[in-house]
Amino acid sequence: MHNAFLIAKREYLERIRSKAFRVSTVLIPAAFAAIFSLTSLSIRSGSGDHQLVVASNDADLAASVKTELTSGKDTKLSVAVMAPATTADLQGLIAQVESKQIDGYLWLAVTPGQSQPEVTYASRSSADYAGRDHLESVIDDALVREELVKRGMAPVAVGGLLKGVKITTMQVKNGELVRGDSAKHFWGAYIMAFLVYFSVVFYGVNVAQSVVGEKTSRVYEVLLATARPESLMLGKLMGVGGAGLTQMGIWAAFALIYSGSTIAASFGTFGLAAYGVTPLKLIFFVTYFILGFFFYGALSAGFGATVGSEQEVQQFSMLIALPQVAGLVLMPFILGNPNSPVAIALSLFPPCTPIVMILRMAAMAVPWYQLLLSVVLMIAAILCLLWGASRIYRVGILMYGKRPTLPEMLRWMRYS
């Protein structure tokens with residue numbers, strides 16, 4: 001262990017003193033802060049003043065559509081009514097859109113005997129402020145409004161009936177109701193899962209690249225004269241893992257400072273708790289990062305000892321990361337069905353545990369025995385993987401010019 005700690009210290013200092021470590025430590029959280037701030041700012045300013053014309057051969061329907069469009073979230077939308085309108089007015093509307101006098105028009109053609117009008121929406125952009133689903137909802141409400149008024153219902157009563165219902169989302173945790181924002185919780189879960197994926201894969205590949213670099217420079221031939229191969233591998237894992245934890249700690253401190261600042265409040269980001277990030281989740285976030293790193297780090301070290309160049313490291317790095325990629329791909333399903341048999345099985349499957357369990361914890365209160373079982377299974381898998389990787393590592397680091405086959409690696413693992 002003395003030699004392992006010496007090697008760990010060397011690996012740790014080498015990484016935290018590097019320019020890449022300093023740049024990535026600053027740029028990655030700054031990029032996330034900029035993305036969230038710009039997204040919040042664009043959402044708040046995206047509903048600016050727009051000019052829309054509602055044209056129809058039914059004046060009452062056009063007026064009802066205007067009422068729906070100018071109420072609620074689209075209060076900044078300026079709507080003009082052209083009714084009754086004919087097909088002769090269509091070219092004029094197209095010219096106004098082309099000349100940017102208006103942003104778009106909504107054409108409602110009512111045919112006698114038909115319950116639904118023929119609707120056309122045109123604008124300069126196919127993806128703009130007026131979404132198709134929103135327009136369909138507005139026209140449906142306008143048709144209902146017009147029909148109810150015709151049947152003698154007071155317009156004020158119709159407005160109250162068609163007023164949208166606001167839903168307060170709550171989450172049951174430990175037998176208590178806790179207010180939750182599903183959109184913010186999604187982003188909180190996504191960022192935590194992505195950070196685990198990025199960090200584990202990045203530092204795992206770093207281990208493999210370090211092994212290959214020292215192997216090709218023949219440094220190991222000198223190191224092996226004073227240290228056992230197992231000490232070299234363990235020291236490398238502890239040093240690189242320590243650098244990863246240092247970077248994660250800096251990011252966590254940056255997130256805490258930013259979330260409590262007036263800048264974050266001005267953009268509507270109020271603390272980590274608003275995104276479902278609690279102290280318990282942070283503890284398990286660090287726990288699963290450490291376990292995930294040792295799992296994939298040992299795997300990368302074993303494979304790194306069997307290859308002869310960094311190009312080969314890049315080839316197998318994505319194969320190693322596939323279980324975690326699967327967790328990210330299945331994120332919508334896991335967040336929507338956190339207690340399903342598939343989600344539970346994946347969260348207890350060691351290669352997928354770090355990502356999937358973090359996602360499940362963001363969506364529900366995971367039973368304590370499942371959390372404990374996942375940690376126990378991860379530790380057992382890491383011990384088995386360290387046992388096999390250390391034997392592959394011990395032989396592979398001294399082999400040059402030949403990529404070993406699978407039977408040869410299995411034979412290495414049987415060596416005493």
# chains A, B, ... in the order shown; residues from 1 in each chain; ligands from 1
>>> select_by_dssp(residues="stretch 277-353 of chain A", states="alpha helix (DSSP H)", output="PyMOL selection string")
chain A and resi 279-304+310-329+331-336+341-348+353
>>> residues_around(residues="A:Met192", least_positions_apart="3", cutoff="9 Å", atoms="only C-alpha atoms", output="list in words")
Trp187, Gly188, Ala189, Leu195, Val196, Tyr197, Val277, Phe285, Ile355, Ile358 and Leu359 of chain A
>>> atom_distance(atom1="atom CA of A:Leu299", atom2="atom CA of A:Cys384")
10.7 Å
>>> closest_residue(among="A:Leu245, A:Ile344, A:Val119, A:Ala301", to="A:Trp387", atoms="only C-alpha atoms")
A:Ala301
>>> closest_residue(among="A:Phe194, A:Phe295, A:Phe284, A:Phe316", to="A:Leu383", atoms="only C-alpha atoms")
A:Phe295
>>> closest_residue(among="A:Glu230, A:Phe21, A:Met364, A:Leu373", to="A:Val395", atoms="only C-alpha atoms")
A:Glu230
>>> atom_distance(atom1="atom CA of A:Thr70", atom2="atom CA of A:Ile94")
22.4 Å
>>> atom_distance(atom1="atom CA of A:Phe293", atom2="atom CA of A:Gly336")
27.0 Å
>>> residues_around(residues="A:Gln91", least_positions_apart="6", cutoff="12 Å", atoms="only C-alpha atoms", output="list of chain:residue names")
A:Ala85, A:Val97, A:Glu98, A:Tyr105, A:Trp107, A:Ala122
>>> write_last_selection(atoms="C-alpha atoms", output="PDB file, in the first residue's frame")
ATOM      1  CA  ALA A  85     -62.781  37.630 -45.540  1.00  0.00           C
ATOM      2  CA  VAL A  97     -46.239  38.379 -44.370  1.00  0.00           C
ATOM      3  CA  GLU A  98     -43.597  38.573 -47.091  1.00  0.00           C
ATOM      4  CA  TYR A 105     -52.033  34.891 -40.477  1.00  0.00           C
ATOM      5  CA  TRP A 107     -57.143  31.482 -42.177  1.00  0.00           C
ATOM      6  CA  ALA A 122     -48.912  30.715 -42.484  1.00  0.00           C
TER       7      ALA A 122
END
